[in-house]
file data17.csv (CSV, C-alpha atoms)
chain,number,residue,atom,x,y,z
A,27,MET,CA,0.0,0.0,0.0
A,28,ALA,CA,1.4,3.4,-1.0
A,29,LYS,CA,2.3,5.8,1.7
A,30,ARG,CA,0.2,8.9,2.1
A,31,ASP,CA,1.8,12.3,1.6
A,32,PHE,CA,3.3,13.4,5.0
A,33,TYR,CA,1.8,16.9,4.7
A,34,GLU,CA,-1.6,15.3,4.2
A,35,VAL,CA,-1.1,13.0,7.2
A,36,LEU,CA,-0.5,16.0,9.4
A,37,GLY,CA,-3.1,18.1,7.8
A,38,VAL,CA,-0.9,21.0,6.8
A,39,ALA,CA,0.0,22.8,3.6
A,40,ARG,CA,3.4,22.2,1.9
A,41,GLY,CA,4.6,25.7,2.8
A,42,ALA,CA,3.7,25.3,6.5
A,43,SER,CA,6.3,26.7,9.0
A,44,ALA,CA,8.0,24.6,11.6
A,45,ASP,CA,5.7,25.9,14.3
A,46,GLU,CA,2.6,25.0,12.3
A,47,ILE,CA,4.0,21.5,11.7
A,48,LYS,CA,4.7,21.0,15.3
A,49,LYS,CA,1.3,22.3,16.4
A,50,ALA,CA,-0.5,20.1,13.9
A,51,TYR,CA,1.5,17.1,15.0
A,52,ARG,CA,0.7,17.7,18.7
A,53,THR,CA,-3.0,17.9,17.9
A,54,LYS,CA,-2.9,14.7,15.8
A,55,ALA,CA,-0.8,12.7,18.3
A,56,LYS,CA,-3.1,13.5,21.1
A,57,GLU,CA,-6.2,12.7,19.0
A,58,LEU,CA,-4.8,9.4,17.7
A,59,HIS,CA,-3.0,8.2,20.8
A,60,PRO,CA,-3.9,4.5,21.4
A,61,ASP,CA,-4.7,5.1,25.1
A,62,ARG,CA,-7.5,7.4,24.0
A,63,ASN,CA,-8.7,5.0,21.2
A,64,ALA,CA,-9.0,1.6,22.8
A,65,ASP,CA,-12.0,0.8,20.6
A,66,ASN,CA,-10.3,1.8,17.4
A,67,PRO,CA,-8.1,-1.0,16.0
A,68,LYS,CA,-6.6,1.5,13.4
A,69,ALA,CA,-5.5,4.0,15.9
A,70,GLU,CA,-2.0,2.5,16.5
A,71,ALA,CA,-1.2,2.4,12.8
A,72,GLN,CA,-2.4,6.0,12.3
A,73,PHE,CA,-0.5,7.1,15.4
A,74,LYS,CA,2.7,5.6,13.9
A,75,GLU,CA,2.0,7.2,10.5
A,76,VAL,CA,1.7,10.7,12.2
A,77,ASN,CA,4.9,10.2,14.1
A,78,GLU,CA,6.8,9.1,10.9
A,79,ALA,CA,5.5,12.1,9.1
A,80,TYR,CA,6.6,14.5,11.9
A,81,GLU,CA,10.0,12.8,12.3
A,82,THR,CA,10.7,13.7,8.7
A,83,LEU,CA,9.2,17.2,8.4
A,84,LYS,CA,10.6,18.5,11.7
A,85,ASP,CA,14.1,18.0,10.5
A,86,PRO,CA,15.1,20.8,8.0
A,87,ASP,CA,17.4,18.5,5.9
A,88,LYS,CA,15.0,15.6,5.8
A,89,LYS,CA,12.1,18.0,5.0
A,90,ALA,CA,14.1,19.5,2.1
A,91,ALA,CA,14.8,16.1,0.7
A,92,TYR,CA,11.2,15.0,1.1
A,93,ASP,CA,9.9,18.2,-0.6
A,94,ARG,CA,12.2,17.4,-3.6
A,95,PHE,CA,12.0,13.7,-4.0
A,96,GLY,CA,9.0,12.6,-1.8
A,97,HIS,CA,9.2,9.2,-0.2
A,98,ALA,CA,11.8,8.1,-2.7
A,99,ALA,CA,14.3,10.3,-0.9
A,100,PHE,CA,14.5,7.7,1.9
A,101,GLU,CA,14.4,4.5,-0.1
A,102,GLY,CA,17.3,2.4,-1.3
A,103,GLY,CA,19.5,2.8,1.8
A,104,GLY,CA,19.1,6.6,2.2
A,105,PRO,CA,18.2,8.3,5.5
A,106,ARG,CA,14.9,7.1,6.8
A,107,GLY,CA,12.5,9.8,7.9
A,108,GLY,CA,10.6,7.2,9.8
A,109,ALA,CA,13.5,5.7,11.7
A,110,GLY,CA,12.1,3.7,14.6
A,111,PHE,CA,8.6,3.4,13.1
A,112,ALA,CA,9.0,1.5,9.9
A,113,GLY,CA,9.8,-1.7,11.9
A,114,GLY,CA,6.7,-1.3,14.1
A,115,ASP,CA,8.6,-0.1,17.2
A,116,PHE,CA,5.7,1.4,19.0
A,117,ALA,CA,7.6,2.0,22.3
A,118,SER,CA,10.1,4.2,20.5
A,119,ALA,CA,7.3,6.1,18.9
A,120,PHE,CA,5.7,6.7,22.2
A,121,SER,CA,9.0,7.9,23.6
A,122,ASN,CA,9.5,10.4,20.8
A,123,VAL,CA,5.9,11.6,21.3
A,124,PHE,CA,6.7,12.2,25.0
A,125,ASP,CA,9.8,14.2,24.1
A,126,ASP,CA,8.0,16.4,21.6
A,127,LEU,CA,4.9,17.0,23.7
A,128,PHE,CA,6.7,17.5,27.0
A,129,GLY,CA,10.3,18.3,26.2
A,130,ASP,CA,9.8,22.0,26.5
A,131,PHE,CA,8.8,21.5,30.2
A,132,MET,CA,11.5,19.0,31.0
A,133,GLY,CA,14.6,21.1,30.2
A,134,GLY,CA,14.8,20.6,26.4
A,135,GLY,CA,15.9,16.9,26.4
A,136,GLY,CA,17.4,16.6,29.8
A,137,ARG,CA,21.0,17.8,29.2
A,138,GLN,CA,22.4,19.8,32.1
A,139,ARG,CA,25.9,20.8,31.0
A,140,ALA,CA,26.8,24.1,32.7
A,141,THR,CA,24.8,24.1,35.9
A,142,ARG,CA,23.9,27.1,38.1
A,143,GLY,CA,25.5,27.1,41.5
A,144,SER,CA,23.5,26.6,44.6
A,145,ASP,CA,22.2,29.5,46.7
A,146,LEU,CA,23.8,29.9,50.1
A,147,ARG,CA,22.3,31.1,53.5
A,148,TYR,CA,24.3,33.0,56.1
A,149,ASN,CA,22.8,33.7,59.5
A,150,LEU,CA,24.0,37.0,60.9
A,151,ARG,CA,23.3,38.0,64.5
A,152,ILE,CA,23.6,41.8,65.3
A,153,THR,CA,22.8,44.0,68.3
A,154,LEU,CA,19.8,46.3,68.5
A,155,GLU,CA,22.1,49.3,68.4
A,156,ASP,CA,23.5,47.9,65.1
A,157,ALA,CA,20.0,47.6,63.8
A,158,PHE,CA,19.3,51.2,64.8
A,159,ARG,CA,22.4,52.7,63.2
A,160,GLY,CA,23.0,50.2,60.3
A,161,LEU,CA,26.5,49.0,59.7
A,162,GLN,CA,29.1,47.6,57.3
A,163,LYS,CA,29.8,44.0,58.4
A,164,LYS,CA,32.7,41.8,57.2
A,165,ILE,CA,31.8,38.1,57.0
A,166,THR,CA,33.6,35.0,55.9
A,167,VAL,CA,31.5,32.6,53.7
A,168,PRO,CA,32.6,29.0,53.2
A,169,GLY,CA,31.7,27.6,49.8
A,170,SER,CA,32.9,26.9,46.2
A,171,VAL,CA,34.4,29.4,43.7
A,172,ALA,CA,35.3,29.1,40.1
A,173,CYS,CA,38.6,27.3,39.6
A,174,ASP,CA,41.4,29.6,38.5
A,175,GLY,CA,43.4,26.8,36.8
A,176,CYS,CA,40.7,26.0,34.2
A,177,ASN,CA,38.6,29.2,34.3
A,178,GLY,CA,35.7,27.1,35.5
A,179,THR,CA,35.5,24.7,32.5
A,180,GLY,CA,36.9,21.7,34.4
A,181,ALA,CA,39.4,20.9,31.6
A,182,ALA,CA,43.1,21.5,31.9
A,183,GLY,CA,44.2,24.7,30.4
A,184,GLY,CA,40.6,26.0,30.1
A,185,ALA,CA,39.8,23.8,27.1
A,186,GLU,CA,36.1,23.2,26.3
A,187,PRO,CA,34.6,19.8,27.3
A,188,ALA,CA,33.8,17.3,24.5
A,189,THR,CA,30.4,15.9,23.7
A,190,CYS,CA,29.7,12.7,25.5
A,191,PRO,CA,30.0,9.7,23.0
A,192,THR,CA,27.6,7.5,25.0
A,193,CYS,CA,24.6,9.8,24.9
A,194,SER,CA,25.7,12.2,22.0
A,195,GLY,CA,25.3,15.1,24.3
A,196,MET,CA,21.7,14.4,25.4
A,197,GLY,CA,22.7,13.6,29.0
A,198,LYS,CA,20.4,10.5,29.0
A,199,VAL,CA,20.3,7.0,27.4
A,200,ARG,CA,17.4,4.8,26.5
A,201,ALA,CA,17.0,1.0,26.9
A,202,GLN,CA,14.3,-1.1,25.4
A,203,GLN,CA,12.3,-3.3,27.8
A,204,GLY,CA,9.5,-5.0,26.0
A,205,PHE,CA,6.8,-2.5,25.3
A,206,PHE,CA,8.5,0.3,27.2
A,207,THR,CA,11.5,2.5,26.6
A,208,VAL,CA,13.3,3.2,29.8
A,209,GLU,CA,15.2,6.4,30.0
A,210,ARG,CA,18.0,7.0,32.6
A,211,THR,CA,20.8,9.4,33.2
A,212,CYS,CA,23.9,8.7,31.1
A,213,PRO,CA,26.4,6.8,33.2
A,214,THR,CA,29.4,8.2,31.3
A,215,CYS,CA,28.7,11.9,31.8
A,216,GLY,CA,26.3,11.8,34.7
A,217,GLY,CA,23.7,13.7,32.8
A,218,MET,CA,26.0,16.6,31.8
A,219,GLY,CA,26.0,15.8,28.1
A,220,GLN,CA,29.8,16.5,28.1
A,221,ILE,CA,32.9,14.9,29.3
A,222,VAL,CA,36.3,16.3,30.2
A,223,LYS,CA,39.0,14.3,28.5
A,224,ASN,CA,41.9,16.0,30.4
A,225,PRO,CA,40.5,17.1,33.8
A,226,CYS,CA,42.0,20.1,35.6
A,227,LYS,CA,44.3,18.9,38.4
A,228,SER,CA,43.2,21.7,40.7
A,229,CYS,CA,39.5,21.0,40.7
A,230,GLY,CA,39.3,17.4,39.4
A,231,GLY,CA,37.2,18.4,36.4
A,232,ALA,CA,34.4,20.0,38.5
A,233,GLY,CA,35.3,23.6,37.4
A,234,ARG,CA,35.1,24.8,41.0
A,235,VAL,CA,37.0,24.5,44.3
A,236,GLU,CA,36.2,24.9,48.0
A,237,ARG,CA,37.4,28.1,49.4
A,238,GLU,CA,36.4,30.6,52.1
A,239,ARG,CA,35.6,34.1,50.9
A,240,GLY,CA,35.6,37.4,52.7
A,241,LEU,CA,32.7,39.7,51.9
A,242,SER,CA,31.6,43.1,53.1
A,243,VAL,CA,27.8,43.3,53.7
A,244,ASN,CA,25.9,46.6,54.1
A,245,ILE,CA,23.3,46.2,56.8
A,246,PRO,CA,20.8,49.0,56.5
A,247,ALA,CA,19.3,50.8,59.5
A,248,GLY,CA,15.9,49.5,60.6
A,249,VAL,CA,16.5,45.8,59.9
A,250,GLU,CA,14.8,43.3,62.3
A,251,THR,CA,14.8,39.6,62.9
A,252,GLY,CA,13.8,37.8,59.7
A,253,THR,CA,15.0,40.5,57.4
A,254,ARG,CA,16.7,38.9,54.3
A,255,ILE,CA,19.4,40.5,52.3
A,256,ARG,CA,20.2,39.0,48.8
A,257,LEU,CA,23.7,39.3,47.4
A,258,ALA,CA,23.4,38.3,43.7
A,259,GLY,CA,26.1,36.0,42.4
A,260,GLU,CA,27.8,35.5,45.7
A,261,GLY,CA,26.6,31.9,46.2
A,262,GLU,CA,28.2,28.6,45.1
A,263,ALA,CA,30.1,28.8,41.8
A,264,GLY,CA,28.4,27.1,38.9
A,265,LEU,CA,29.5,23.7,37.7
A,266,ARG,CA,31.7,23.8,34.6
A,267,GLY,CA,31.3,27.4,33.9
A,268,GLY,CA,27.7,27.8,35.0
A,269,PRO,CA,26.5,31.0,36.6
A,270,PRO,CA,26.9,31.3,40.4
A,271,GLY,CA,24.0,31.1,42.8
A,272,ASP,CA,23.1,33.9,45.3
A,273,LEU,CA,23.9,34.5,48.9
A,274,TYR,CA,21.1,35.3,51.3
A,275,ILE,CA,21.9,37.0,54.6
A,276,PHE,CA,19.3,36.3,57.3
A,277,ILE,CA,19.3,38.8,60.1
A,278,GLU,CA,18.7,38.0,63.8
A,279,VAL,CA,18.6,41.0,66.2
A,280,ALA,CA,19.7,40.0,69.7
A,281,ASP,CA,17.6,40.8,72.7
A,282,HIS,CA,18.5,44.0,74.5
A,283,PRO,CA,18.8,44.4,78.3
A,284,LEU,CA,16.8,47.7,78.4
A,285,PHE,CA,14.6,47.9,75.3
A,286,GLU,CA,11.9,45.6,73.8
A,287,ARG,CA,11.0,46.1,70.2
A,288,ASP,CA,7.8,45.8,68.2
A,289,GLY,CA,8.5,47.0,64.6
A,290,MET,CA,9.5,50.6,64.8
A,291,THR,CA,8.3,51.0,68.4
A,292,LEU,CA,10.6,50.5,71.4
A,293,PHE,CA,9.5,49.8,75.0
A,294,CYS,CA,11.4,50.6,78.2
A,295,ARG,CA,10.1,49.6,81.6
A,296,VAL,CA,11.4,52.2,84.2
A,297,PRO,CA,11.0,51.7,88.0
A,298,VAL,CA,9.9,54.7,90.0
A,299,SER,CA,9.7,55.1,93.8
A,300,LEU,CA,6.5,55.1,95.6
A,301,ALA,CA,7.0,58.7,96.6
A,302,THR,CA,7.7,59.9,93.0
A,303,ALA,CA,4.7,58.0,91.7
A,304,ALA,CA,2.5,59.6,94.4
A,305,LEU,CA,3.9,63.1,94.4
A,306,GLY,CA,5.0,63.4,90.8
A,307,GLY,CA,8.5,64.4,89.6
A,308,GLU,CA,11.0,63.8,86.9
A,309,ILE,CA,13.0,60.7,85.9
A,310,GLU,CA,15.9,60.2,83.4
A,311,VAL,CA,15.5,57.5,80.8
A,312,PRO,CA,17.9,56.1,78.2
A,313,THR,CA,17.3,56.2,74.5
A,314,ILE,CA,18.6,53.8,71.8
A,315,ASP,CA,20.9,56.3,70.3
A,316,GLY,CA,22.9,56.4,73.6
A,317,GLY,CA,21.4,59.6,74.8
A,318,ARG,CA,19.1,60.5,77.7
A,319,SER,CA,15.7,62.1,78.0
A,320,ARG,CA,14.0,63.6,81.1
A,321,VAL,CA,10.4,62.5,81.5
A,322,LYS,CA,7.8,64.1,83.8
A,323,VAL,CA,5.9,61.7,86.1
A,324,PRO,CA,2.4,62.9,86.8
A,325,GLU,CA,1.2,63.0,90.4
A,326,GLY,CA,-0.6,59.8,91.4
A,327,SER,CA,0.9,57.6,88.6
A,328,GLN,CA,0.2,53.9,88.8
A,329,SER,CA,2.2,50.9,87.6
A,330,GLY,CA,1.8,50.3,83.9
A,331,LYS,CA,1.3,53.9,83.0
A,332,GLN,CA,2.9,54.7,79.6
A,333,MET,CA,4.4,57.9,78.3
A,334,ARG,CA,5.5,58.4,74.7
A,335,LEU,CA,8.7,59.9,73.4
A,336,ARG,CA,8.1,60.6,69.8
A,337,GLY,CA,10.8,59.9,67.3
A,338,LYS,CA,13.0,58.0,69.8
A,339,GLY,CA,12.2,54.5,68.5
A,340,MET,CA,13.6,52.5,65.5
A,341,PRO,CA,14.0,53.9,62.0
A,342,ALA,CA,12.0,52.5,59.1
A,343,LEU,CA,13.9,50.2,56.9
A,344,ARG,CA,15.4,52.2,54.0
A,345,GLY,CA,14.0,55.5,55.2
A,346,GLY,CA,10.5,56.7,55.9
A,347,GLY,CA,10.4,58.1,59.4
A,348,GLN,CA,11.2,56.9,62.9
A,349,GLY,CA,9.1,55.2,65.6
A,350,ASP,CA,8.5,56.1,69.2
A,351,LEU,CA,9.8,55.1,72.6
A,352,LEU,CA,7.2,54.1,75.1
A,353,ILE,CA,8.2,54.5,78.8
A,354,GLU,CA,6.2,52.2,81.1
A,355,LEU,CA,6.3,53.0,84.8
A,356,ALA,CA,6.8,50.3,87.4
A,357,VAL,CA,6.0,51.7,90.9
A,358,GLU,CA,8.4,50.0,93.2
A,359,THR,CA,7.5,48.8,96.7
A,360,PRO,CA,10.2,49.7,99.2
A,361,VAL,CA,12.0,46.8,101.0
A,362,ASN,CA,14.2,46.4,104.1
A,363,LEU,CA,12.4,49.1,106.0
A,364,THR,CA,13.7,50.6,109.2
A,365,ALA,CA,11.5,50.8,112.3
A,366,ARG,CA,11.0,54.5,111.8
A,367,GLN,CA,10.0,53.9,108.1
A,368,LYS,CA,7.5,51.3,109.1
A,369,GLU,CA,6.0,53.6,111.7
A,370,LEU,CA,5.6,56.4,109.2
A,371,LEU,CA,4.0,54.0,106.7
A,372,ARG,CA,1.5,52.8,109.3
A,373,GLU,CA,0.6,56.4,110.1
A,374,PHE,CA,0.3,57.1,106.4
A,375,GLU,CA,-2.0,54.1,106.0
A,376,GLU,CA,-4.3,55.4,108.7
A,377,LEU,CA,-4.5,58.8,107.1
A,378,SER,CA,-5.0,57.6,103.5
A,379,GLU,CA,-8.3,55.7,103.4
A,380,GLU,CA,-9.6,58.1,100.8
A,381,ASN,CA,-6.4,58.2,98.7
A,382,ASN,CA,-6.7,54.8,97.1
A,383,PRO,CA,-9.6,55.1,94.7
A,384,GLU,CA,-8.8,51.9,92.7
A,385,GLY,CA,-8.6,49.9,95.9
A,386,SER,CA,-11.8,51.4,97.3
A,387,SER,CA,-13.7,50.6,94.0
A,388,PHE,CA,-12.4,47.0,94.0
A,389,PHE,CA,-13.5,46.3,97.5
A,390,ARG,CA,-16.9,47.8,96.9
A,391,LYS,CA,-17.4,45.4,94.0
A,392,VAL,CA,-16.2,42.5,96.2
A,393,LYS,CA,-18.7,43.4,98.9
A,394,SER,CA,-21.5,43.6,96.3
A,395,PHE,CA,-20.4,40.2,95.0
A,396,TRP,CA,-20.6,38.5,98.4
A,397,ASP,CA,-23.9,40.1,99.2
A,398,GLY,CA,-25.3,38.8,96.0
A,399,MET,CA,-24.1,35.3,96.8
A,400,LYS,CA,-25.8,35.4,100.2
A,401,GLY,CA,-29.0,36.4,98.5

call {"tool": "encode", "arguments": {"input": "data17.csv", "output": "structure tokens"}}
result
Amino acid sequence: MAKRDFYEVLGVARGASADEIKKAYRTKAKELHPDRNADNPKAEAQFKEVNEAYETLKDPDKKAAYDRFGHAAFEGGGPRGGAGFAGGDFASAFSNVFDDLFGDFMGGGGRQRATRGSDLRYNLRITLEDAFRGLQKKITVPGSVACDGCNGTGAAGGAEPATCPTCSGMGKVRAQQGFFTVERTCPTCGGMGQIVKNPCKSCGGAGRVERERGLSVNIPAGVETGTRIRLAGEGEAGLRGGPPGDLYIFIEVADHPLFERDGMTLFCRVPVSLATAALGGEIEVPTIDGGRSRVKVPEGSQSGKQMRLRGKGMPALRGGGQGDLLIELAVETPVNLTARQKELLREFEELSEENNPEGSSFFRKVKSFWDGMKG
């Protein structure tokens, strides 16, 4: 039976572009795939016919020969446009369909060759003062760098690697197992698609060596725990000339003995004497910039009272204002009293029944609660 014209098989005109041919092939292959046509005994044959047509028309040289001589171009020992299909090798046909349908999503055939280096993470612990001011920090990063002996190629003298003879540069090999074609990483080149015939003695053919590097990192003012700084190209060197990865600096701000932080706001808990809280007065408080501020304590202040110092908190990251400092009073109960101090406090207690409004209110509520329980 004479073969049908390949353009007719795919349903395209003779002047169709490569993209049009590929699009038509995908449509036909999906439509005629045997898995979708279990009830059609002709589907497998049609499926092979479509693949044979595409194998010829997708190759510019084969297509040119076919356009000039038709099917005769591949007869009499010439190059076969349907290699792998003429003998009824359905598994090979399926494998080629998989490559064409999904190859764009699988890395263009699986070859790796030059590989991008891995990203690195560096944890950097700084003080709250450093986070307030910002700083230039020198760090030492362990990792790999491009080999100087081969300029990162892996070959002695910087020569270019040769195409792997086992996989012809594809980085993978196929083995027939009955109905299926099993594909695995090429054992000769390890999936690289290339081999180094004369490996560099410095790096053993990897194109990179382990070495510590010193870097200067700019830590902007306003950073906080969890801030991530990316240094492009400062990660692991690529394999065999591939681009380097990136270095990510993760910031951790250490706890401070005086201040607690919430974003741009700072909190400072300041103890005040019983007398100062009752009579009012002034206290001196620290600020994160190393300075001091005087704060007025209102008469009759209670523990927990907060006073705000505007603009004395943390700066916004990369500009945009500054937060506030909240001073929280902690009224301190005196300890280790002398006999005279105890005597004065008892006298004060007797004279201050009306000077404790919060206590009086609380005990009125307690009395009301107990009365209600009795009722």

call {"tool": "atom_distance", "arguments": {"input": "data17.csv", "atom1": "CA of Arg372 in chain A", "atom2": "CA of Pro360 in chain A"}}
result
13.7 Å

call {"tool": "closest_residue", "arguments": {"input": "data17.csv", "among": "A:Ser299, A:Ser329, A:Thr153, A:Gln202", "to": "Val249 in chain A", "atoms": "all atoms listed in the file"}}
result
A:Thr153

call {"tool": "residues_around", "arguments": {"input": "data17.csv", "residues": "Met333 in chain A", "least_positions_apart": "2", "cutoff": "7 Å", "atoms": "all atoms listed in the file", "output": "list in words"}}
result
Lys331, Leu335, Leu352, Ile353 and Glu354 of chain A

call {"tool": "write_last_selection", "arguments": {"input": "data17.csv", "atoms": "C-alpha atoms", "output": "compact mmCIF listing (two decimals), in the frame of the given file"}}
result
# COMPACT_ATOMS: atom_id res chain seq x y z
CA LYS A 331 1.30 53.90 83.00
CA LEU A 335 8.70 59.90 73.40
CA LEU A 352 7.20 54.10 75.10
CA ILE A 353 8.20 54.50 78.80
CA GLU A 354 6.20 52.20 81.10

call {"tool": "residues_around", "arguments": {"input": "data17.csv", "residues": "Val321 in chain A", "least_positions_apart": "6", "cutoff": "12 Å", "atoms": "only C-alpha atoms", "output": "number ranges by chain"}}
result
A: 296, 298, 306-313, 332-335, 351-355

call {"tool": "residues_around", "arguments": {"input": "data17.csv", "residues": "Arg210 in chain A", "least_positions_apart": "4", "cutoff": "9 Å", "atoms": "only C-alpha atoms", "output": "NGL selection string"}}
result
:A and (197-201 or 217)

call {"tool": "closest_residue", "arguments": {"input": "data17.csv", "among": "A:Arg295, A:Lys393, A:Arg142, A:Arg147", "to": "Phe276 in chain A", "atoms": "only C-alpha atoms"}}
result
A:Arg147

call {"tool": "decode", "arguments": {"input": "data17.csv", "residues": "range 156-176 of chain A", "atoms": "N, CA and C atoms", "output": "PDB file, in the first residue's frame"}}
result
ATOM      1  N   ASP A 156      23.113  48.083  66.474  1.00  0.00           N
ATOM      2  CA  ASP A 156      23.514  47.926  65.065  1.00  0.00           C
ATOM      3  C   ASP A 156      22.300  48.073  64.152  1.00  0.00           C
ATOM      4  N   ALA A 157      21.187  47.478  64.554  1.00  0.00           N
ATOM      5  CA  ALA A 157      19.968  47.577  63.756  1.00  0.00           C
ATOM      6  C   ALA A 157      19.463  49.016  63.704  1.00  0.00           C
ATOM      7  N   PHE A 158      19.725  49.784  64.766  1.00  0.00           N
ATOM      8  CA  PHE A 158      19.299  51.189  64.805  1.00  0.00           C
ATOM      9  C   PHE A 158      20.158  52.046  63.880  1.00  0.00           C
ATOM     10  N   ARG A 159      21.462  51.833  63.934  1.00  0.00           N
ATOM     11  CA  ARG A 159      22.372  52.681  63.170  1.00  0.00           C
ATOM     12  C   ARG A 159      22.618  52.169  61.754  1.00  0.00           C
ATOM     13  N   GLY A 160      22.546  50.830  61.549  1.00  0.00           N
ATOM     14  CA  GLY A 160      23.028  50.239  60.314  1.00  0.00           C
ATOM     15  C   GLY A 160      24.541  50.083  60.410  1.00  0.00           C
ATOM     16  N   LEU A 161      25.105  49.167  59.636  1.00  0.00           N
ATOM     17  CA  LEU A 161      26.548  48.963  59.706  1.00  0.00           C
ATOM     18  C   LEU A 161      27.067  48.243  58.477  1.00  0.00           C
ATOM     19  N   GLN A 162      28.376  48.341  58.303  1.00  0.00           N
ATOM     20  CA  GLN A 162      29.086  47.591  57.272  1.00  0.00           C
ATOM     21  C   GLN A 162      29.764  46.433  57.978  1.00  0.00           C
ATOM     22  N   LYS A 163      29.368  45.196  57.637  1.00  0.00           N
ATOM     23  CA  LYS A 163      29.838  44.026  58.360  1.00  0.00           C
ATOM     24  C   LYS A 163      30.665  43.139  57.432  1.00  0.00           C
ATOM     25  N   LYS A 164      31.855  42.745  57.909  1.00  0.00           N
ATOM     26  CA  LYS A 164      32.690  41.816  57.160  1.00  0.00           C
ATOM     27  C   LYS A 164      32.388  40.392  57.624  1.00  0.00           C
ATOM     28  N   ILE A 165      32.100  39.519  56.665  1.00  0.00           N
ATOM     29  CA  ILE A 165      31.781  38.123  56.984  1.00  0.00           C
ATOM     30  C   ILE A 165      32.671  37.191  56.161  1.00  0.00           C
ATOM     31  N   THR A 166      32.830  35.986  56.639  1.00  0.00           N
ATOM     32  CA  THR A 166      33.571  34.954  55.918  1.00  0.00           C
ATOM     33  C   THR A 166      32.598  33.854  55.532  1.00  0.00           C
ATOM     34  N   VAL A 167      32.510  33.582  54.237  1.00  0.00           N
ATOM     35  CA  VAL A 167      31.533  32.629  53.721  1.00  0.00           C
ATOM     36  C   VAL A 167      32.258  31.400  53.174  1.00  0.00           C
ATOM     37  N   PRO A 168      32.008  30.220  53.736  1.00  0.00           N
ATOM     38  CA  PRO A 168      32.576  28.995  53.152  1.00  0.00           C
ATOM     39  C   PRO A 168      31.762  28.584  51.936  1.00  0.00           C
ATOM     40  N   GLY A 169      32.424  28.023  50.945  1.00  0.00           N
ATOM     41  CA  GLY A 169      31.699  27.591  49.756  1.00  0.00           C
ATOM     42  C   GLY A 169      32.652  27.322  48.620  1.00  0.00           C
ATOM     43  N   SER A 170      32.120  27.239  47.407  1.00  0.00           N
ATOM     44  CA  SER A 170      32.939  26.942  46.240  1.00  0.00           C
ATOM     45  C   SER A 170      33.032  28.163  45.340  1.00  0.00           C
ATOM     46  N   VAL A 171      34.176  28.286  44.686  1.00  0.00           N
ATOM     47  CA  VAL A 171      34.409  29.376  43.741  1.00  0.00           C
ATOM     48  C   VAL A 171      34.932  28.768  42.445  1.00  0.00           C
ATOM     49  N   ALA A 172      34.833  29.530  41.365  1.00  0.00           N
ATOM     50  CA  ALA A 172      35.317  29.051  40.070  1.00  0.00           C
ATOM     51  C   ALA A 172      36.819  28.772  40.144  1.00  0.00           C
ATOM     52  N   CYS A 173      37.221  27.657  39.564  1.00  0.00           N
ATOM     53  CA  CYS A 173      38.627  27.250  39.582  1.00  0.00           C
ATOM     54  C   CYS A 173      39.451  28.179  38.695  1.00  0.00           C
ATOM     55  N   ASP A 174      40.530  28.717  39.252  1.00  0.00           N
ATOM     56  CA  ASP A 174      41.401  29.606  38.476  1.00  0.00           C
ATOM     57  C   ASP A 174      42.211  28.838  37.444  1.00  0.00           C
ATOM     58  N   GLY A 175      42.517  27.553  37.740  1.00  0.00           N
ATOM     59  CA  GLY A 175      43.365  26.780  36.837  1.00  0.00           C
ATOM     60  C   GLY A 175      42.736  26.476  35.498  1.00  0.00           C
ATOM     61  N   CYS A 176      41.395  26.391  35.459  1.00  0.00           N
ATOM     62  CA  CYS A 176      40.715  26.050  34.197  1.00  0.00           C
ATOM     63  C   CYS A 176      39.646  27.058  33.824  1.00  0.00           C
TER      64      CYS A 176
END
